[in-house]
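Novice: Contents are mmCIF, C-alpha atoms; file name coords-v8.cif:
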data_model
loop_
_atom_site.label_atom_id
_atom_site.label_comp_id
_atom_site.auth_asym_id
_atom_site.auth_seq_id
_atom_site.Cartn_x
_atom_site.Cartn_y
_atom_site.Cartn_z
CA MET O 1 -25.07 -25.94 -45.55
CA ARG O 2 -24.29 -27.84 -42.40
CA VAL O 3 -21.93 -26.43 -39.79
CA LYS O 4 -19.89 -29.08 -38.11
CA VAL O 5 -19.27 -29.10 -34.36
CA ARG O 6 -15.57 -29.44 -35.11
CA ASP O 7 -15.63 -26.11 -37.03
CA ILE O 8 -17.41 -24.29 -34.18
CA ALA O 9 -15.04 -25.72 -31.57
CA GLY O 10 -12.06 -24.71 -33.71
CA PHE O 11 -13.43 -21.18 -34.06
CA PHE O 12 -13.89 -20.81 -30.30
CA MET O 13 -10.43 -22.20 -29.58
CA PHE O 14 -8.94 -19.75 -32.08
CA PHE O 15 -10.95 -16.84 -30.66
CA THR O 16 -9.95 -17.78 -27.07
CA LEU O 17 -6.29 -18.03 -28.03
CA ILE O 18 -6.33 -14.62 -29.75
CA PHE O 19 -8.29 -13.00 -26.91
CA PHE O 20 -6.10 -14.23 -24.06
CA SER O 21 -2.83 -13.67 -25.89
CA SER O 22 -3.84 -10.05 -26.55
CA CYS O 23 -4.72 -9.63 -22.85
CA ALA O 24 -1.25 -10.84 -21.88
CA VAL O 25 0.31 -8.11 -24.03
CA LEU O 26 -1.67 -5.29 -22.39
CA PRO O 27 0.41 -3.80 -19.58
CA SER O 28 -1.03 -3.80 -16.11
CA PRO O 29 -1.06 -0.36 -14.45
CA ILE O 30 1.01 -1.77 -11.61
CA GLN O 31 3.54 -4.47 -12.32
CA GLU O 32 6.45 -5.91 -10.43
CA ARG O 33 8.81 -3.93 -12.67
CA ASP O 34 7.37 -0.82 -11.02
CA ARG O 35 9.41 -1.77 -7.96
CA PRO O 36 13.02 -1.46 -9.14
CA PHE O 37 14.93 -2.00 -5.94
CA GLU O 38 15.58 -5.16 -3.94
CA PRO O 39 18.37 -3.74 -1.80
CA GLY O 40 16.42 -4.94 1.19
CA PHE O 41 13.38 -5.27 3.36
CA ILE O 42 12.46 -5.83 6.97
CA LEU O 43 9.66 -8.30 7.56
CA THR O 44 7.45 -7.85 10.60
CA ASN O 45 4.29 -9.75 11.57
CA CYS O 46 2.05 -7.39 9.59
CA CYS O 47 4.31 -5.47 7.20
CA ARG O 48 7.25 -5.70 4.88
CA VAL O 49 9.24 -2.45 4.94
CA LEU O 50 11.00 -2.03 1.58
CA TYR O 51 14.03 0.21 1.33
CA ARG O 52 16.69 1.15 -1.20
CA SER O 53 19.63 1.78 1.12
CA PRO O 54 20.54 1.18 4.76
CA LEU O 55 20.61 4.97 5.22
CA ASP O 56 16.90 5.07 4.34
CA MET O 57 16.20 2.55 7.09
CA LYS O 58 18.19 4.58 9.60
CA GLN O 59 16.20 7.70 8.72
CA PHE O 60 12.94 5.71 8.85
CA SER O 61 13.72 4.47 12.36
CA ARG O 62 14.88 7.93 13.54
CA GLN O 63 11.69 9.59 12.31
CA LEU O 64 9.59 7.04 14.19
CA GLY O 65 11.54 7.87 17.36
CA LEU O 66 13.58 4.67 17.44
CA ASP O 67 17.21 4.29 18.45
CA SER O 68 18.00 1.52 15.99
CA THR O 69 16.63 -0.34 13.01
CA GLN O 70 16.27 -3.41 15.27
CA GLU O 71 13.30 -1.73 16.98
CA ILE O 72 11.39 -1.36 13.71
CA HIS O 73 9.79 -4.82 14.03
CA SER O 74 8.06 -4.11 17.30
CA LYS O 75 7.24 -0.46 16.53
CA VAL O 76 5.55 -1.17 13.18
CA ASP O 77 3.58 -4.12 14.56
CA GLU O 78 2.57 -2.14 17.65
CA LEU O 79 1.42 0.80 15.50
CA PHE O 80 -0.59 -1.54 13.25
CA GLU O 81 -2.33 -3.03 16.31
CA ARG O 82 -3.02 0.45 17.73
CA VAL O 83 -4.67 1.45 14.44
CA LYS O 84 -6.82 -1.69 14.52
CA SER O 85 -7.76 -0.89 18.11
CA ILE O 86 -8.73 2.70 17.27
CA LEU O 87 -10.88 1.43 14.38
CA LYS O 88 -12.28 -1.22 16.76
CA ILE O 89 -11.33 -3.99 14.36
CA ASN O 90 -10.09 -7.22 15.90
CA LYS O 91 -10.16 -9.31 12.77
CA LYS O 92 -6.87 -10.50 11.31
CA GLY O 93 -5.83 -8.73 8.11
CA ALA O 94 -5.46 -10.17 4.64
CA GLY O 95 -1.73 -10.65 4.94
CA VAL O 96 1.36 -8.53 4.94
CA VAL O 97 1.15 -4.96 3.66
CA ASP O 98 4.21 -3.54 1.89
CA ILE O 99 5.55 -0.21 3.13
CA ASP O 100 7.60 1.14 0.26
CA ILE O 101 9.76 4.04 1.45
CA TYR O 102 11.26 6.72 -0.79
CA ARG O 103 14.04 9.07 0.18
CA ASN O 104 12.29 12.31 -0.77
CA GLN O 105 9.09 13.87 -2.06
CA ASP O 106 10.36 14.10 -5.66
CA GLU O 107 10.89 10.32 -5.83
CA LEU O 108 7.44 9.71 -4.36
CA GLU O 109 5.79 12.07 -6.87
CA LYS O 110 7.38 10.13 -9.75
CA VAL O 111 6.06 6.87 -8.30
CA TYR O 112 2.61 8.43 -7.80
CA LEU O 113 2.51 9.46 -11.45
CA ARG O 114 3.60 6.00 -12.61
CA VAL O 115 1.28 4.04 -10.27
CA ILE O 116 -1.81 6.29 -10.15
CA GLY O 117 -1.44 7.75 -13.64
CA ARG O 118 -1.65 11.43 -12.74
CA LYS O 119 0.42 14.01 -10.89
CA GLY O 120 -0.09 14.38 -7.18
CA ARG O 121 1.65 15.82 -4.15
CA GLU O 122 0.91 13.25 -1.47
CA SER O 123 3.21 12.66 1.49
CA ALA O 124 2.04 9.03 1.39
CA PHE O 125 -0.59 6.92 -0.35
CA TYR O 126 -2.04 3.43 -0.26
CA VAL O 127 -2.77 1.26 -3.30
CA ALA O 128 -5.19 -1.57 -2.55
CA LYS O 129 -4.46 -3.45 -5.77
CA THR O 130 -0.88 -4.13 -4.69
CA ASN O 131 -1.54 -3.86 -0.95
CA THR O 132 1.23 -1.26 -0.72
CA ILE O 133 1.77 1.90 1.29
CA TYR O 134 4.08 4.34 -0.50
CA LEU O 135 5.65 7.08 1.60
CA SER O 136 8.31 9.76 1.55
CA LEU O 137 10.90 10.01 4.30
CA ASP O 138 10.70 13.81 3.94
CA GLU O 139 7.29 13.90 5.57
CA LEU O 140 7.16 10.64 7.53
CA THR O 141 5.53 10.75 10.94
CA GLU O 142 3.90 8.08 13.03
CA GLY O 143 0.54 9.69 12.22
CA VAL O 144 1.11 9.55 8.46
CA LEU O 145 2.08 5.89 8.65
CA ALA O 146 -0.93 5.10 10.88
CA HIS O 147 -3.23 6.93 8.44
CA GLU O 148 -2.06 4.73 5.55
CA MET O 149 -2.22 1.59 7.70
CA ALA O 150 -5.85 2.50 8.42
CA HIS O 151 -6.56 2.46 4.68
CA ASP O 152 -5.11 -1.05 4.46
CA ILE O 153 -7.11 -2.31 7.44
CA ILE O 154 -10.34 -0.74 6.17
CA GLN O 155 -9.75 -2.24 2.73
CA HIS O 156 -9.55 -5.76 4.16
CA PHE O 157 -12.26 -5.51 6.80
CA PHE O 158 -15.29 -3.95 5.14
CA THR O 159 -17.46 -5.63 2.52
CA PRO O 160 -18.68 -3.67 0.69
CA LEU O 161 -16.17 -0.89 1.09
CA PRO O 162 -17.43 2.41 2.48
CA LEU O 163 -17.41 5.37 0.10
CA PHE O 164 -13.99 6.95 -0.51
CA TRP O 165 -14.70 10.03 1.60
CA VAL O 166 -15.85 7.83 4.52
CA ARG O 167 -12.66 5.74 4.32
CA GLU O 168 -10.59 8.94 4.22
CA GLN O 169 -12.42 10.35 7.24
CA MET O 170 -11.83 7.12 9.17
CA ALA O 171 -8.09 7.26 8.36
CA GLN O 172 -7.94 10.93 9.41
CA ASP O 173 -9.72 10.07 12.66
CA VAL O 174 -7.06 7.42 13.37
CA GLU O 175 -4.31 9.98 12.81
CA LYS O 176 -6.07 12.50 15.08
CA GLU O 177 -6.72 9.90 17.80
CA LEU O 178 -3.04 8.89 17.82
CA ARG O 179 -2.01 12.53 18.15
CA ASN O 180 -4.43 13.05 21.06
CA LYS O 181 -3.32 9.88 22.86
CA ASP O 182 0.33 10.88 22.47
CA ARG O 183 -0.40 14.29 24.00
CA TRP O 184 -2.05 12.68 27.01
CA ALA O 185 0.91 10.30 27.40
CA GLU O 186 3.37 13.21 27.72
#
For this file, produce the structure as structure tokens.

Specialist:
Amino acid sequence: MRVKVRDIAGFFMFFTLIFFSSCAVLPSPIQERDRPFEPGFILTNCCRVLYRSPLDMKQFSRQLGLDSTQEIHSKVDELFERVKSILKINKKGAGVVDIDIYRNQDELEKVYLRVIGRKGRESAFYVAKTNTIYLSLDELTEGVLAHEMAHDIIQHFFTPLPLFWVREQMAQDVEKELRNKDRWAE
């Protein structure tokens, strides 16, 4: 029995079609539908701050010690550059990181469960796959935001990535360094 090239090519085309169509049906752990908002965002040089209501933006700016939401651009960019400086990284990042703010800890815990796939009580977390920082306004401080920015910067600077505990220690060191510099500034 002779197998014709046409039969083999047809088999592979059929197999490829079935394989890729089944992959398209499998849900990704993080999809755009996981971000059900679009009320607004503020775009800075390094970040896109996503919010659900103007009140959230007012609280965000207040907790970062700002008088108005207009100052968010410069404050977020300045903080990002300070984190890079503390990490001694001068290289430009891989683009804009999203900062997705949630009104309270309960909302953030629901997002953590949906995005990470398990329960967790984090005041903020970074997901490299979507290049997104998720944070709760309940526990927002400049240090918390800087810590998560450090994760983003580390993710885009190091190849290969350091071990998880090393990355976490580096982010904690950034937070501690910011706290110490702020004390000296007072």

Novice: Any chance you could work out the residue set of the PyMOL selection byres ((chain O and resi 97) around 8) here, as an mmCIF file with C-alpha atoms, in the coordinates of the input?

Specialist:
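Now in result.cif:
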data_model
loop_
_atom_site.group_PDB
_atom_site.id
_atom_site.type_symbol
_atom_site.label_atom_id
_atom_site.label_comp_id
_atom_site.auth_asym_id
_atom_site.auth_seq_id
_atom_site.Cartn_x
_atom_site.Cartn_y
_atom_site.Cartn_z
ATOM 1 C CA CYS O 46 2.050 -7.390 9.590
ATOM 2 C CA CYS O 47 4.310 -5.470 7.200
ATOM 3 C CA ARG O 48 7.250 -5.700 4.880
ATOM 4 C CA GLY O 95 -1.730 -10.650 4.940
ATOM 5 C CA VAL O 96 1.360 -8.530 4.940
ATOM 6 C CA ASP O 98 4.210 -3.540 1.890
ATOM 7 C CA ILE O 99 5.550 -0.210 3.130
ATOM 8 C CA ASN O 131 -1.540 -3.860 -0.950
ATOM 9 C CA THR O 132 1.230 -1.260 -0.720
ATOM 10 C CA ILE O 133 1.770 1.900 1.290
ATOM 11 C CA ASP O 152 -5.110 -1.050 4.460
#

Novice: Give the answer as one residue: which of O:Ser68, O:Ser61, O:Asn45, O:Gln169 has the shortest atom-to-atom distance to Lys92 (chain O), using all atoms listed in the file?

Specialist: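 For Lys92 (chain O), the nearest of the candidates is O:Asn45.
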
Novice: How many Å lie between CA of Thr44 (chain O) and CA of Lys75 (chain O), rounded to one decimal?

Specialist: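 Between CA of Thr44 (chain O) and CA of Lys75 (chain O) the gap works out to 9.5 Å.
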
Novice: Using only C-alpha atoms, can you tell me which of O:Asp106, O:Glu71, O:Lys58, O:Lys176 comes closest to Lys119 (chain O)?

Specialist: O:Asp106

Novice: Return as a ChimeraX atom specification the set of residues that the PyMOL selection byres ((chain O and resi 128) around 12) yields on the displayed structure.

Specialist: /O:30,94,97-98,115-116,125-127,129-134,148-156,161

Novice: Hey, what's within 9 Å of Gly120 (chain O) if we count only C-alpha atoms and toss same-chain stuff fewer than 6 positions away? As an MDAnalysis selection string, please?

Specialist: chainID O and resid 109:110 112:113

Novice: In Å, how far is it from CA of Met57 (chain O) to CA of His73 (chain O)?

Specialist: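 Taking CA of Met57 (chain O) and CA of His73 (chain O), their separation equals 12.0 Å.
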
Novice: Separation of CA of Gly65 (chain O) and CA of Glu168 (chain O), in Å?

Specialist: 25.8 Å

Novice: Hey, which of O:Gln59, O:Gln172, O:Asn90, O:Ser85 ends up closest to Asn104 (chain O)? Count only C-alpha atoms.

Specialist: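 The closest residue to Asn104 (chain O) is O:Gln59.
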
Novice: Using all atoms listed in the file, which of O:Leu178, O:Arg52, O:Ile42, O:Ala124 sits nearest Leu140 (chain O)?

Specialist: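 Among O:Leu178, O:Arg52, O:Ile42, O:Ala124, it is O:Ala124 that comes nearest to Leu140 (chain O).
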
Novice: At a cut-off of 9 Å, using all atoms listed in the file, what residues contact Ser123 (chain O)? Leave out same-chain residues fewer than 3 positions from it and give the result as a list in words.

Specialist: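 Counting only the stated atoms, we get Gln105, Leu108, Glu109, Tyr134, Leu135, Ser136, Leu137, Asp138, Glu139, Leu140 and Val144 of chain O.
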
Novice: O:Glu107, O:Gly117, O:Phe158, O:Asp56: which is nearest Lys91 (chain O), counting only C-alpha atoms?

Specialist: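 Among the listed residues, the smallest separation from Lys91 (chain O) belongs to O:Phe158.
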